[in-house]
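Q: The structure file input00.csv (CSV, C-alpha atoms) is provided below.
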chain,number,residue,atom,x,y,z
H,17,MET,CA,-54.5,11.7,-28.4
H,18,LEU,CA,-50.9,11.4,-27.3
H,19,THR,CA,-51.5,13.7,-24.4
H,20,VAL,CA,-54.6,11.8,-23.3
H,21,ALA,CA,-52.8,8.5,-23.7
H,22,GLY,CA,-49.8,9.7,-21.7
H,23,CYS,CA,-52.1,11.1,-18.9
H,24,ALA,CA,-54.2,7.9,-18.8
H,25,VAL,CA,-51.2,5.6,-18.5
H,26,GLY,CA,-49.7,7.9,-15.8
H,27,PHE,CA,-52.9,8.1,-13.9
H,28,VAL,CA,-53.4,4.3,-13.9
H,29,ALA,CA,-49.8,3.8,-12.8
H,30,LEU,CA,-50.2,6.3,-10.0
H,31,ILE,CA,-53.3,4.5,-8.7
H,32,LEU,CA,-51.5,1.2,-8.7
H,33,THR,CA,-48.5,2.7,-7.0
H,34,VAL,CA,-50.6,4.2,-4.3
H,35,ARG,CA,-52.3,0.9,-3.7
H,36,ARG,CA,-49.1,-1.1,-3.6
H,37,GLY,CA,-46.9,1.5,-1.9
H,38,VAL,CA,-43.6,3.1,-3.0
H,39,THR,CA,-40.4,1.1,-2.8
H,40,GLU,CA,-36.9,2.6,-2.4
H,41,TRP,CA,-38.1,6.2,-1.6
H,42,PRO,CA,-34.6,7.8,-1.9
H,43,PHE,CA,-34.2,6.5,-5.4
H,44,ALA,CA,-37.7,7.6,-6.5
H,45,ILE,CA,-37.1,11.1,-5.2
H,46,VAL,CA,-33.6,11.5,-6.7
H,47,PHE,CA,-34.6,10.2,-10.1
H,48,GLY,CA,-37.8,12.1,-10.0
H,49,LEU,CA,-35.9,15.3,-9.3
H,50,LEU,CA,-33.5,14.6,-12.2
H,51,ILE,CA,-36.4,14.0,-14.6
H,52,ALA,CA,-38.1,17.3,-13.4
H,53,VAL,CA,-35.0,19.3,-13.8
H,54,GLY,CA,-34.4,17.8,-17.3
H,55,GLU,CA,-37.9,18.8,-18.3
H,56,MET,CA,-37.4,22.3,-17.0
H,57,VAL,CA,-34.3,22.8,-19.1
H,58,GLN,CA,-35.6,21.2,-22.3
H,59,PHE,CA,-34.9,23.0,-25.5
H,60,ARG,CA,-35.6,22.8,-29.2
H,61,VAL,CA,-32.6,21.6,-31.1
H,62,ASP,CA,-34.3,22.0,-34.6
H,63,GLY,CA,-37.5,23.3,-36.0
H,64,SER,CA,-39.7,20.6,-34.8
H,65,ARG,CA,-38.4,18.6,-31.8
H,66,ASN,CA,-37.9,19.4,-28.2
H,67,ARG,CA,-35.0,17.7,-26.5
H,68,ALA,CA,-34.6,16.9,-22.8
H,69,PRO,CA,-31.5,14.6,-22.6
H,70,ILE,CA,-31.2,14.7,-18.8
H,71,ALA,CA,-34.9,13.8,-18.3
H,72,THR,CA,-34.8,11.0,-20.9
H,73,SER,CA,-31.6,9.5,-19.6
H,74,ALA,CA,-32.8,9.7,-16.0
H,75,ALA,CA,-36.2,8.1,-16.8
H,76,LEU,CA,-34.5,5.3,-18.7
H,77,GLY,CA,-32.0,4.9,-15.9
H,78,TYR,CA,-34.8,4.5,-13.3
H,79,VAL,CA,-36.3,1.8,-15.5
H,80,MET,CA,-33.2,-0.4,-15.4
H,81,LEU,CA,-32.2,-0.3,-11.6
H,82,ARG,CA,-31.2,-3.7,-10.5
H,83,GLY,CA,-28.4,-4.3,-8.1
H,84,PRO,CA,-27.1,-4.7,-4.5
H,85,ALA,CA,-27.8,-1.0,-3.7
H,86,LEU,CA,-31.6,-1.7,-4.0
H,87,ASP,CA,-33.5,-4.2,-1.9
H,88,ASN,CA,-36.6,-3.9,-4.0
H,89,PRO,CA,-36.3,-2.6,-7.6
H,90,PRO,CA,-39.2,-0.4,-8.7
H,91,GLU,CA,-42.1,-2.0,-10.4
H,92,VAL,CA,-43.4,-0.9,-13.8
H,93,ALA,CA,-46.3,1.1,-12.3
H,94,GLN,CA,-44.0,3.0,-9.9
H,95,ILE,CA,-41.6,3.8,-12.7
H,96,VAL,CA,-44.3,5.2,-14.9
H,97,ALA,CA,-45.9,7.1,-12.0
H,98,VAL,CA,-42.6,8.7,-10.9
H,99,THR,CA,-41.8,9.6,-14.5
H,100,GLY,CA,-45.3,11.1,-15.1
H,101,LEU,CA,-45.4,13.2,-12.0
H,102,ALA,CA,-41.8,14.4,-12.4
H,103,THR,CA,-42.6,15.3,-16.0
H,104,LEU,CA,-45.6,17.4,-15.0
H,105,ALA,CA,-43.5,19.0,-12.2
H,106,GLY,CA,-40.8,20.0,-14.8
H,107,VAL,CA,-43.3,21.3,-17.4
H,108,PHE,CA,-45.3,23.4,-15.0
H,109,PRO,CA,-42.6,26.0,-14.2
H,110,ARG,CA,-42.0,26.5,-17.9
H,111,ALA,CA,-45.7,27.1,-18.6
H,112,VAL,CA,-45.9,29.6,-15.7
H,113,ALA,CA,-42.7,31.4,-16.8
H,114,GLY,CA,-44.0,31.6,-20.4
H,115,LEU,CA,-41.2,29.5,-21.8
H,116,PRO,CA,-41.8,27.2,-24.8
H,117,TRP,CA,-43.0,23.8,-23.8
H,118,ASP,CA,-44.6,20.9,-25.5
H,119,LEU,CA,-46.8,18.5,-23.5
H,120,VAL,CA,-47.2,16.2,-26.5
H,121,ILE,CA,-43.5,15.6,-26.6
H,122,SER,CA,-43.4,15.1,-22.9
H,123,SER,CA,-46.3,12.6,-23.2
H,124,ARG,CA,-44.3,10.7,-25.8
H,125,ARG,CA,-41.5,10.4,-23.4
H,126,VAL,CA,-43.8,9.0,-20.7
H,127,LEU,CA,-45.2,6.4,-23.1
H,128,SER,CA,-41.8,5.4,-24.4
H,129,VAL,CA,-40.5,5.0,-20.9
H,130,ALA,CA,-43.5,2.8,-20.1
H,131,CYS,CA,-42.7,0.6,-23.1
H,132,ALA,CA,-39.1,0.4,-22.0
H,133,ALA,CA,-40.1,-0.6,-18.4
H,134,ILE,CA,-42.5,-3.3,-19.7
H,135,ALA,CA,-39.9,-4.7,-22.1
H,136,PHE,CA,-37.1,-4.7,-19.4
H,137,ALA,CA,-39.4,-6.3,-16.8
H,138,LEU,CA,-40.6,-9.1,-19.2
H,139,VAL,CA,-37.1,-10.4,-19.9
H,140,ILE,CA,-35.4,-9.9,-16.6
H,141,PRO,CA,-36.6,-11.8,-13.5
H,142,ASP,CA,-36.7,-9.8,-10.2
H,143,HIS,CA,-33.9,-11.8,-8.6
H,144,LEU,CA,-31.4,-11.0,-11.4
H,145,ALA,CA,-29.1,-8.1,-10.4
H,146,TRP,CA,-25.5,-6.8,-10.7
H,147,ASN,CA,-23.5,-9.2,-8.5
H,148,GLY,CA,-20.1,-9.5,-10.2
H,149,SER,CA,-21.2,-12.5,-12.3
H,150,TRP,CA,-20.5,-12.2,-16.1
H,151,LEU,CA,-23.7,-14.2,-16.8
H,152,HIS,CA,-25.8,-11.7,-14.9
H,153,ALA,CA,-23.9,-8.7,-16.4
H,154,MET,CA,-24.4,-9.9,-20.0
H,155,ALA,CA,-28.1,-10.7,-19.4
H,156,LEU,CA,-28.7,-7.3,-17.8
H,157,THR,CA,-26.8,-5.4,-20.5
H,158,GLY,CA,-28.9,-7.2,-23.2
H,159,ALA,CA,-32.1,-6.4,-21.4
H,160,MET,CA,-31.1,-2.8,-21.0
H,161,LEU,CA,-30.4,-2.5,-24.7
H,162,LEU,CA,-33.8,-4.1,-25.4
H,163,GLY,CA,-35.5,-1.6,-23.1
H,164,VAL,CA,-33.7,1.4,-24.8
H,165,LEU,CA,-34.5,0.1,-28.3
H,166,SER,CA,-38.1,-0.5,-27.3
H,167,ALA,CA,-38.4,3.1,-26.1
H,168,GLY,CA,-36.7,4.4,-29.2
H,169,VAL,CA,-38.7,2.4,-31.7
H,170,ILE,CA,-42.0,3.3,-30.1
H,171,ASP,CA,-41.1,6.9,-30.0
H,172,ALA,CA,-40.0,6.8,-33.6
H,173,LEU,CA,-43.3,5.2,-34.7
H,174,VAL,CA,-45.3,7.8,-32.8
H,175,GLY,CA,-43.2,10.6,-34.1
H,176,ALA,CA,-43.5,9.3,-37.7
H,177,GLY,CA,-47.3,9.2,-37.3
H,178,GLN,CA,-47.3,12.8,-36.0
H,179,ASP,CA,-45.2,14.0,-39.0
H,180,THR,CA,-47.4,12.2,-41.4
H,181,GLU,CA,-50.5,13.8,-40.0
H,182,LYS,CA,-49.0,17.3,-39.5
H,183,PHE,CA,-46.8,17.7,-42.6
H,184,ASN,CA,-48.4,15.2,-45.0
H,185,ARG,CA,-45.1,13.3,-45.2
H,186,PRO,CA,-45.1,9.7,-46.5
H,187,PHE,CA,-45.0,7.5,-43.4
H,188,PRO,CA,-42.0,5.4,-44.5
H,189,ALA,CA,-40.0,8.6,-45.1
H,190,ALA,CA,-41.1,10.0,-41.7
H,191,LEU,CA,-40.2,6.8,-40.0
H,192,ARG,CA,-36.8,6.8,-41.7
H,193,ASP,CA,-36.1,10.3,-40.4
H,194,GLU,CA,-37.2,9.4,-36.9
H,195,LEU,CA,-35.0,6.3,-36.8
H,196,ALA,CA,-32.1,8.3,-38.0
H,197,VAL,CA,-32.6,10.8,-35.1
H,198,MET,CA,-32.9,7.8,-32.7
H,199,THR,CA,-29.5,6.4,-33.9
H,200,ARG,CA,-27.7,9.7,-33.6
H,201,ILE,CA,-29.2,11.2,-30.5
H,202,GLY,CA,-31.7,8.7,-28.9
H,203,LEU,CA,-29.1,5.9,-28.4
H,204,ALA,CA,-26.7,8.4,-26.8
H,205,MET,CA,-29.3,9.3,-24.2
H,206,GLY,CA,-30.2,5.6,-23.8
H,207,ILE,CA,-26.6,4.6,-23.2
H,208,SER,CA,-26.3,7.4,-20.7
H,209,GLY,CA,-29.4,6.0,-19.0
H,210,MET,CA,-27.7,2.5,-18.9
H,211,LEU,CA,-24.6,3.9,-17.3
H,212,LEU,CA,-26.7,5.8,-14.8
H,213,ALA,CA,-28.6,2.6,-13.9
H,214,ALA,CA,-25.6,0.4,-13.7
H,215,GLY,CA,-23.6,2.8,-11.6
H,216,THR,CA,-26.5,3.5,-9.2
H,217,SER,CA,-27.4,-0.2,-8.9
H,218,LEU,CA,-23.8,-1.0,-7.8
H,219,ILE,CA,-22.7,1.9,-5.6
H,220,GLY,CA,-26.0,3.6,-4.8
H,221,LEU,CA,-27.0,7.3,-5.2
H,222,TRP,CA,-23.3,8.4,-5.1
H,223,ALA,CA,-23.2,7.4,-8.8
H,224,VAL,CA,-25.8,9.9,-9.8
H,225,PRO,CA,-23.5,13.0,-9.7
H,226,LEU,CA,-20.7,11.1,-11.5
H,227,VAL,CA,-23.0,10.3,-14.4
H,228,VAL,CA,-24.9,13.5,-14.4
H,229,VAL,CA,-21.8,15.6,-15.2
H,230,PRO,CA,-21.4,14.1,-18.7
H,231,LEU,CA,-25.2,14.6,-19.2
H,232,LEU,CA,-24.8,18.3,-18.3
H,233,LEU,CA,-22.0,18.6,-20.9
H,234,THR,CA,-24.2,16.9,-23.4
H,235,GLN,CA,-27.0,19.4,-22.5
H,236,PHE,CA,-24.6,22.3,-22.9
H,237,ALA,CA,-23.4,21.0,-26.3
H,238,PHE,CA,-27.0,20.5,-27.5
H,239,ARG,CA,-27.9,24.0,-26.4
H,240,ARG,CA,-24.9,25.5,-28.2
H,241,TYR,CA,-25.9,23.6,-31.4
H,242,ALA,CA,-29.5,24.8,-31.1
H,243,SER,CA,-28.3,28.4,-30.6
H,244,ALA,CA,-26.1,28.2,-33.7
H,245,GLN,CA,-29.0,26.8,-35.7
H,246,ARG,CA,-31.2,29.7,-34.7
H,247,THR,CA,-28.5,32.2,-35.6
H,248,TYR,CA,-28.0,30.4,-38.9
H,249,ARG,CA,-31.7,30.6,-39.8
H,250,THR,CA,-32.0,34.2,-38.8
H,251,THR,CA,-29.1,35.2,-41.0
H,252,VAL,CA,-30.5,33.4,-44.0
H,253,ARG,CA,-33.9,35.1,-43.5
H,254,SER,CA,-32.2,38.5,-43.2
H,255,MET,CA,-30.4,37.9,-46.5
H,256,ALA,CA,-33.7,36.9,-48.1
H,257,ARG,CA,-35.3,40.1,-47.0
H,258,SER,CA,-32.7,42.1,-48.8
H,259,THR,CA,-34.5,41.6,-52.2
H,260,GLU,CA,-37.8,42.8,-50.6
H,261,ILE,CA,-36.1,45.9,-49.2
H,262,ALA,CA,-34.5,46.7,-52.6
H,263,GLY,CA,-37.9,46.2,-54.4
H,264,PHE,CA,-36.8,43.1,-56.4
H,265,SER,CA,-39.5,41.0,-54.8
H,266,SER,CA,-42.9,41.7,-53.2
H,267,PRO,CA,-43.2,41.7,-49.4
H,268,GLY,CA,-43.3,38.1,-48.1
H,269,GLN,CA,-42.6,36.6,-51.5
H,270,ASN,CA,-39.5,34.7,-50.5
H,271,ALA,CA,-41.2,33.4,-47.3
H,272,ARG,CA,-44.2,32.2,-49.3
H,273,THR,CA,-42.0,30.5,-51.8
H,274,ALA,CA,-40.1,28.7,-49.0
H,275,ALA,CA,-43.3,27.6,-47.3
H,276,LEU,CA,-44.6,26.0,-50.5
H,277,ALA,CA,-41.2,24.4,-51.3
H,278,VAL,CA,-41.1,22.9,-47.8
H,279,ALA,CA,-44.6,21.6,-48.3
H,280,VAL,CA,-43.6,19.9,-51.6
H,281,GLY,CA,-40.4,18.5,-50.0
H,282,ASN,CA,-42.5,17.0,-47.1
H,283,ASP,CA,-44.9,15.5,-49.6
H,284,LEU,CA,-42.0,13.9,-51.5
H,285,GLY,CA,-40.3,12.6,-48.3
H,286,LEU,CA,-37.0,14.5,-48.5
H,287,THR,CA,-34.6,14.0,-45.6
H,288,PRO,CA,-34.3,16.7,-42.9
H,289,ALA,CA,-30.9,17.8,-44.2
H,290,ARG,CA,-32.3,18.2,-47.8
H,291,MET,CA,-35.4,19.9,-46.4
H,292,GLU,CA,-33.2,22.5,-44.7
H,293,ALA,CA,-31.2,23.1,-47.8
H,294,LEU,CA,-34.4,23.4,-49.8
H,295,GLU,CA,-35.9,26.0,-47.5
H,296,TYR,CA,-32.7,28.1,-47.5
H,297,ALA,CA,-32.5,27.8,-51.3
H,298,ALA,CA,-36.1,29.0,-51.7
H,299,LEU,CA,-35.5,31.9,-49.4
H,300,LEU,CA,-32.4,32.9,-51.2
H,301,SER,CA,-33.5,32.1,-54.8
H,302,GLY,CA,-34.0,35.8,-55.6
H,303,VAL,CA,-30.7,37.1,-54.3
H,304,GLY,CA,-29.2,37.2,-57.7
H,305,GLN,CA,-31.8,39.7,-59.0
H,306,LEU,CA,-30.0,42.4,-57.0
H,307,ALA,CA,-27.4,42.4,-59.8
H,308,LEU,CA,-29.9,43.1,-62.5
H,309,ALA,CA,-30.4,46.7,-63.8
H,310,ASP,CA,-34.0,47.1,-62.5
H,311,PRO,CA,-36.6,45.1,-60.5
H,312,SER,CA,-39.4,43.2,-62.2
H,313,PRO,CA,-42.9,44.7,-61.6
H,314,GLY,CA,-44.1,43.2,-58.3
H,315,GLY,CA,-41.1,40.9,-58.2
H,316,ALA,CA,-42.4,38.8,-61.0
H,317,SER,CA,-39.2,37.2,-62.3
H,318,LEU,CA,-41.3,35.2,-64.8
H,319,LEU,CA,-41.6,38.4,-66.9
H,320,ARG,CA,-37.9,38.4,-67.5
H,321,THR,CA,-36.2,36.6,-70.3
H,322,ARG,CA,-34.8,33.1,-69.8
H,323,ALA,CA,-31.3,34.4,-70.1
H,324,GLU,CA,-31.9,37.1,-67.5
H,325,ARG,CA,-33.4,34.6,-65.0
H,326,GLN,CA,-30.5,32.1,-65.5
H,327,ARG,CA,-27.9,34.9,-65.1
H,328,ALA,CA,-29.6,36.0,-61.9
H,329,ALA,CA,-29.6,32.4,-60.6
H,330,GLU,CA,-25.9,32.0,-61.4
H,331,ILE,CA,-25.1,35.3,-59.7
H,332,GLY,CA,-27.2,34.3,-56.7
H,333,ALA,CA,-25.4,31.0,-56.4
H,334,SER,CA,-22.0,32.7,-56.6
H,335,VAL,CA,-23.0,35.1,-53.8
H,336,ILE,CA,-24.2,32.1,-51.6
H,337,GLU,CA,-21.0,30.2,-52.2
H,338,ARG,CA,-18.9,33.0,-50.8
H,339,SER,CA,-20.4,32.2,-47.4
H,340,GLY,CA,-18.3,29.0,-47.4
H,341,VAL,CA,-20.9,26.9,-45.7
H,342,LEU,CA,-23.9,26.9,-48.1
H,343,ASP,CA,-22.4,25.2,-51.2
H,344,HIS,CA,-25.2,22.7,-51.4
H,345,VAL,CA,-27.8,25.5,-51.2
H,346,ALA,CA,-25.9,27.4,-54.0
H,347,GLU,CA,-26.1,24.4,-56.3
H,348,ILE,CA,-29.9,24.3,-55.8
H,349,VAL,CA,-30.2,28.0,-56.6
H,350,ARG,CA,-27.9,27.7,-59.6
H,351,HIS,CA,-30.3,25.4,-61.4
H,352,SER,CA,-33.5,26.8,-60.0
H,353,ASN,CA,-34.4,28.4,-63.3
H,354,ASP,CA,-33.3,25.6,-65.6
H,355,PRO,CA,-36.0,24.1,-67.8
H,356,TYR,CA,-36.7,20.5,-66.9
H,357,ARG,CA,-36.3,19.2,-70.4
H,358,GLN,CA,-32.8,20.8,-70.9
H,359,GLY,CA,-31.8,20.3,-67.3
H,360,ARG,CA,-32.6,17.6,-64.8
H,361,ALA,CA,-34.3,15.3,-67.5
H,362,ASN,CA,-30.9,14.8,-69.0
H,363,ASN,CA,-28.6,15.4,-66.0
H,364,ALA,CA,-29.3,13.4,-62.9
H,365,ASP,CA,-26.7,15.5,-61.0
H,366,ILE,CA,-29.0,18.4,-60.9
H,367,PRO,CA,-30.8,18.2,-57.5
H,368,LEU,CA,-34.5,17.6,-57.3
H,369,GLU,CA,-34.7,20.6,-55.0
H,370,SER,CA,-33.9,22.9,-57.9
H,371,GLY,CA,-37.1,21.7,-59.7
H,372,ILE,CA,-39.1,22.2,-56.5
H,373,VAL,CA,-37.9,25.8,-56.2
H,374,ASN,CA,-38.6,26.4,-59.8
H,375,VAL,CA,-42.2,25.2,-59.5
H,376,ALA,CA,-42.7,27.0,-56.1
H,377,LEU,CA,-41.5,30.3,-57.6
H,378,ALA,CA,-43.8,30.0,-60.5
H,379,TYR,CA,-46.9,29.1,-58.4
H,380,GLU,CA,-46.2,31.9,-55.9
H,381,GLN,CA,-45.9,34.5,-58.7
H,382,LEU,CA,-49.2,33.3,-60.2
H,383,VAL,CA,-51.1,33.0,-56.9
H,384,GLY,CA,-49.2,35.2,-54.5
H,385,GLU,CA,-50.1,38.6,-53.1
H,386,GLY,CA,-51.4,40.9,-55.8
H,387,SER,CA,-51.3,38.4,-58.7
H,388,GLY,CA,-55.0,37.7,-58.6
H,389,GLN,CA,-55.0,34.2,-60.1
H,390,SER,CA,-56.9,31.3,-58.5
H,391,PRO,CA,-55.1,28.1,-57.5
H,392,GLU,CA,-57.0,26.2,-60.2
H,393,LYS,CA,-56.0,28.7,-62.9
H,394,ALA,CA,-52.4,28.7,-61.7
H,395,MET,CA,-52.3,24.9,-61.8
H,396,GLU,CA,-53.6,25.0,-65.4
H,397,SER,CA,-50.8,27.4,-66.4
H,398,ILE,CA,-48.1,25.3,-64.7
H,399,GLY,CA,-49.6,22.1,-66.2
H,400,LEU,CA,-48.9,23.4,-69.7
H,401,GLY,CA,-45.2,23.4,-68.8
H,402,ILE,CA,-45.0,19.8,-67.5
H,403,GLY,CA,-42.1,17.9,-69.0
H,404,ALA,CA,-40.7,21.0,-70.7
H,405,GLU,CA,-40.4,23.7,-68.1
H,406,TYR,CA,-41.4,21.9,-64.9
H,407,ASP,CA,-40.5,18.5,-63.4
H,408,PRO,CA,-43.6,16.3,-63.7
H,409,VAL,CA,-42.9,14.7,-60.2
H,410,VAL,CA,-42.9,18.1,-58.6
H,411,VAL,CA,-46.0,19.3,-60.4
H,412,GLU,CA,-47.9,16.2,-59.3
H,413,SER,CA,-46.8,16.8,-55.8
H,414,LEU,CA,-47.9,20.4,-56.0
H,415,ARG,CA,-51.3,19.3,-57.3
H,416,ARG,CA,-51.8,17.0,-54.3
H,417,ILE,CA,-50.8,19.8,-51.9
H,418,VAL,CA,-53.2,22.3,-53.5
H,419,GLY,CA,-55.9,19.7,-53.5
H,420,ARG,CA,-55.4,19.3,-49.8
H,421,GLY,CA,-56.2,23.0,-49.4
H,422,PHE,CA,-52.8,24.6,-49.2
H,423,ARG,CA,-53.1,28.4,-49.3
H,424,PHE,CA,-50.6,31.2,-48.7
Any chance you could give the structure as structure tokens?
A:
Amino acid sequence: MLTVAGCAVGFVALILTVRRGVTEWPFAIVFGLLIAVGEMVQFRVDGSRNRAPIATSAALGYVMLRGPALDNPPEVAQIVAVTGLATLAGVFPRAVAGLPWDLVISSRRVLSVACAAIAFALVIPDHLAWNGSWLHAMALTGAMLLGVLSAGVIDALVGAGQDTEKFNRPFPAALRDELAVMTRIGLAMGISGMLLAAGTSLIGLWAVPLVVVPLLLTQFAFRRYASAQRTYRTTVRSMARSTEIAGFSSPGQNARTAALAVAVGNDLGLTPARMEALEYAALLSGVGQLALADPSPGGASLLRTRAERQRAAEIGASVIERSGVLDHVAEIVRHSNDPYRQGRANNADIPLESGIVNVALAYEQLVGEGSGQSPEKAMESIGLGIGAEYDPVVVESLRRIVGRGFRF
């Protein structure tokens, strides 16, 4: 739907632009090239979002051109048409080269830029431009901020709807996370677009290379961060596989536990930072078993005594703490085998994530590869431990997830 909406808006804008003619061709070409290049070098900064800071800033900058360097500022239709065509021109080489690309995210950018252009055009008359007047400067700055916020809020609403549909997250929690991303990253790209628009409006296209340099540095910083995140995740997954190689867990057991824990975390609306810690804790929850004398049959830690499981959790937490950067993950693992009644029910400092890992481990060992139990039977078994062994909130969340058809 988003792709269709983006294409429809772009197509209508293109028809209107062809009928009315293109104004300020040099600006349209330069900003179009910037958007296309930004789309070509887009990247994934985390597990779910593609980022194109250069394309986003350039598109927003093109929206807000008003000044002595332009005789006729671009209309809304022309802005959307240039953004849409440049976006397709940037995505096409990635698709041909086999690089990751996401037309839905690109369509979201086109739609948010259209909203910014409409909001900016509605509050600023055509004759208002940068002319050295403080009155004009304040009005233009306020309109720019309104346009940037309009684009950010629309994109956040759409992104929250996507997360709700795809991951079954509560819409308020998904919107909270999208707005948090907007305040940290989106506003930075929006302000870069404002600087690009103001500079270009005042001194012409000579301002573009001056503003693009900081954007390139931002792009470089984002890519370094994304690379570090990928390395981080790969390292954690390699550590998790050590228990499988040593025979202390069945093949894929840690990954299945993590997948279920993430599904529960999404259902409960945890923040992205807590979701990442939860996933890592679920992957590393069995590391402490390596210190035990012998592996459990099929990796079924539930067959061990309570003392053995808690000792393994404590050892695993100590191992994780030695990394120096996963202390929050270690705390989750430390309490991942605590009974609810003797743990989190009486101690609010124990993280909810520990209860999620506890339930996810139990369900995986009852339903996972080679165990043979049906999801319904497993839920009956886990239900017998509600309030004593397992957190009632987590079990109810698991019940909803299984009811929606979750399967390993």
Q: For segment 314-391 of chain H versus segment 301-306 of chain H, which residues have an atom no more than 12 Å away, and what is each residue's nearest atom pair and distance in Å rounded to one decimal, using only C-alpha atoms, chain-then-number order, as a tab-separated table?
A:
residue	atom	partner	partner_atom	distance
H:Gly315	CA	H:Gly302	CA	9.1
H:Ala316	CA	H:Gly302	CA	10.4
H:Ser317	CA	H:Gln305	CA	8.5
H:Leu318	CA	H:Gly302	CA	11.8
H:Arg320	CA	H:Gln305	CA	10.5
H:Glu324	CA	H:Gln305	CA	8.9
H:Arg325	CA	H:Gln305	CA	8.0
H:Gln326	CA	H:Gly304	CA	9.4
H:Arg327	CA	H:Gly304	CA	7.9
H:Ala328	CA	H:Gly304	CA	4.4
H:Ala329	CA	H:Gly304	CA	5.6
H:Glu330	CA	H:Gly304	CA	7.2
H:Ile331	CA	H:Gly304	CA	4.9
H:Gly332	CA	H:Gly304	CA	3.7
H:Ala333	CA	H:Gly304	CA	7.4
H:Ser334	CA	H:Gly304	CA	8.6
H:Val335	CA	H:Gly304	CA	7.6
H:Ile336	CA	H:Val303	CA	8.6
H:Val345	CA	H:Ser301	CA	9.4
H:Ala346	CA	H:Ser301	CA	9.0
H:Glu347	CA	H:Ser301	CA	10.8
H:Ile348	CA	H:Ser301	CA	8.6
H:Val349	CA	H:Ser301	CA	5.6
H:Arg350	CA	H:Ser301	CA	8.6
H:His351	CA	H:Ser301	CA	9.9
H:Ser352	CA	H:Ser301	CA	7.4
H:Asn353	CA	H:Ser301	CA	9.3
H:Glu369	CA	H:Ser301	CA	11.6
H:Ser370	CA	H:Ser301	CA	9.7
H:Ile372	CA	H:Ser301	CA	11.5
H:Val373	CA	H:Ser301	CA	7.8
H:Asn374	CA	H:Ser301	CA	9.1
H:Ala376	CA	H:Ser301	CA	10.6
H:Leu377	CA	H:Ser301	CA	8.7
H:Ala378	CA	H:Ser301	CA	12.0
Q: Create the file for the chosen residues now, containing C-alpha atoms and written as a PDB file, in the coordinates of the input.
A:
ATOM      1  CA  GLY H 315     -41.100  40.900 -58.200  1.00  0.00           C
ATOM      2  CA  ALA H 316     -42.400  38.800 -61.000  1.00  0.00           C
ATOM      3  CA  SER H 317     -39.200  37.200 -62.300  1.00  0.00           C
ATOM      4  CA  LEU H 318     -41.300  35.200 -64.800  1.00  0.00           C
ATOM      5  CA  ARG H 320     -37.900  38.400 -67.500  1.00  0.00           C
ATOM      6  CA  GLU H 324     -31.900  37.100 -67.500  1.00  0.00           C
ATOM      7  CA  ARG H 325     -33.400  34.600 -65.000  1.00  0.00           C
ATOM      8  CA  GLN H 326     -30.500  32.100 -65.500  1.00  0.00           C
ATOM      9  CA  ARG H 327     -27.900  34.900 -65.100  1.00  0.00           C
ATOM     10  CA  ALA H 328     -29.600  36.000 -61.900  1.00  0.00           C
ATOM     11  CA  ALA H 329     -29.600  32.400 -60.600  1.00  0.00           C
ATOM     12  CA  GLU H 330     -25.900  32.000 -61.400  1.00  0.00           C
ATOM     13  CA  ILE H 331     -25.100  35.300 -59.700  1.00  0.00           C
ATOM     14  CA  GLY H 332     -27.200  34.300 -56.700  1.00  0.00           C
ATOM     15  CA  ALA H 333     -25.400  31.000 -56.400  1.00  0.00           C
ATOM     16  CA  SER H 334     -22.000  32.700 -56.600  1.00  0.00           C
ATOM     17  CA  VAL H 335     -23.000  35.100 -53.800  1.00  0.00           C
ATOM     18  CA  ILE H 336     -24.200  32.100 -51.600  1.00  0.00           C
ATOM     19  CA  VAL H 345     -27.800  25.500 -51.200  1.00  0.00           C
ATOM     20  CA  ALA H 346     -25.900  27.400 -54.000  1.00  0.00           C
ATOM     21  CA  GLU H 347     -26.100  24.400 -56.300  1.00  0.00           C
ATOM     22  CA  ILE H 348     -29.900  24.300 -55.800  1.00  0.00           C
ATOM     23  CA  VAL H 349     -30.200  28.000 -56.600  1.00  0.00           C
ATOM     24  CA  ARG H 350     -27.900  27.700 -59.600  1.00  0.00           C
ATOM     25  CA  HIS H 351     -30.300  25.400 -61.400  1.00  0.00           C
ATOM     26  CA  SER H 352     -33.500  26.800 -60.000  1.00  0.00           C
ATOM     27  CA  ASN H 353     -34.400  28.400 -63.300  1.00  0.00           C
ATOM     28  CA  GLU H 369     -34.700  20.600 -55.000  1.00  0.00           C
ATOM     29  CA  SER H 370     -33.900  22.900 -57.900  1.00  0.00           C
ATOM     30  CA  ILE H 372     -39.100  22.200 -56.500  1.00  0.00           C
ATOM     31  CA  VAL H 373     -37.900  25.800 -56.200  1.00  0.00           C
ATOM     32  CA  ASN H 374     -38.600  26.400 -59.800  1.00  0.00           C
ATOM     33  CA  ALA H 376     -42.700  27.000 -56.100  1.00  0.00           C
ATOM     34  CA  LEU H 377     -41.500  30.300 -57.600  1.00  0.00           C
ATOM     35  CA  ALA H 378     -43.800  30.000 -60.500  1.00  0.00           C
TER      36      ALA H 378
END
Q: As an exercise, work out the distance from atom CA of Thr247 of chain H to atom CA of Thr259 of chain H in Å and give it to one decimal place.
A: 20.0 Å
Q: Determine the nearest neighbour of Met205 of chain H from the options H:Leu284, H:Met160, H:Ala68, H:Ala323, counting only C-alpha atoms.
A: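 Once distances to Met205 of chain H are computed over only C-alpha atoms, the minimum belongs to H:Ala68.
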Q: Which value, in Å to one decimal, gives the distance between atom CA of Phe422 of chain H and atom CA of Ala277 of chain H?
A: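 Atom-to-atom, atom CA of Phe422 of chain H to atom CA of Ala277 of chain H, that is 11.8 Å.
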Q: Using only C-alpha atoms, which residue out of H:Ser166, H:Ser266, H:Ser208, H:Asn363 lies closest to Val227 of chain H?
A: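 Once distances to Val227 of chain H are computed over only C-alpha atoms, the minimum belongs to H:Ser208.
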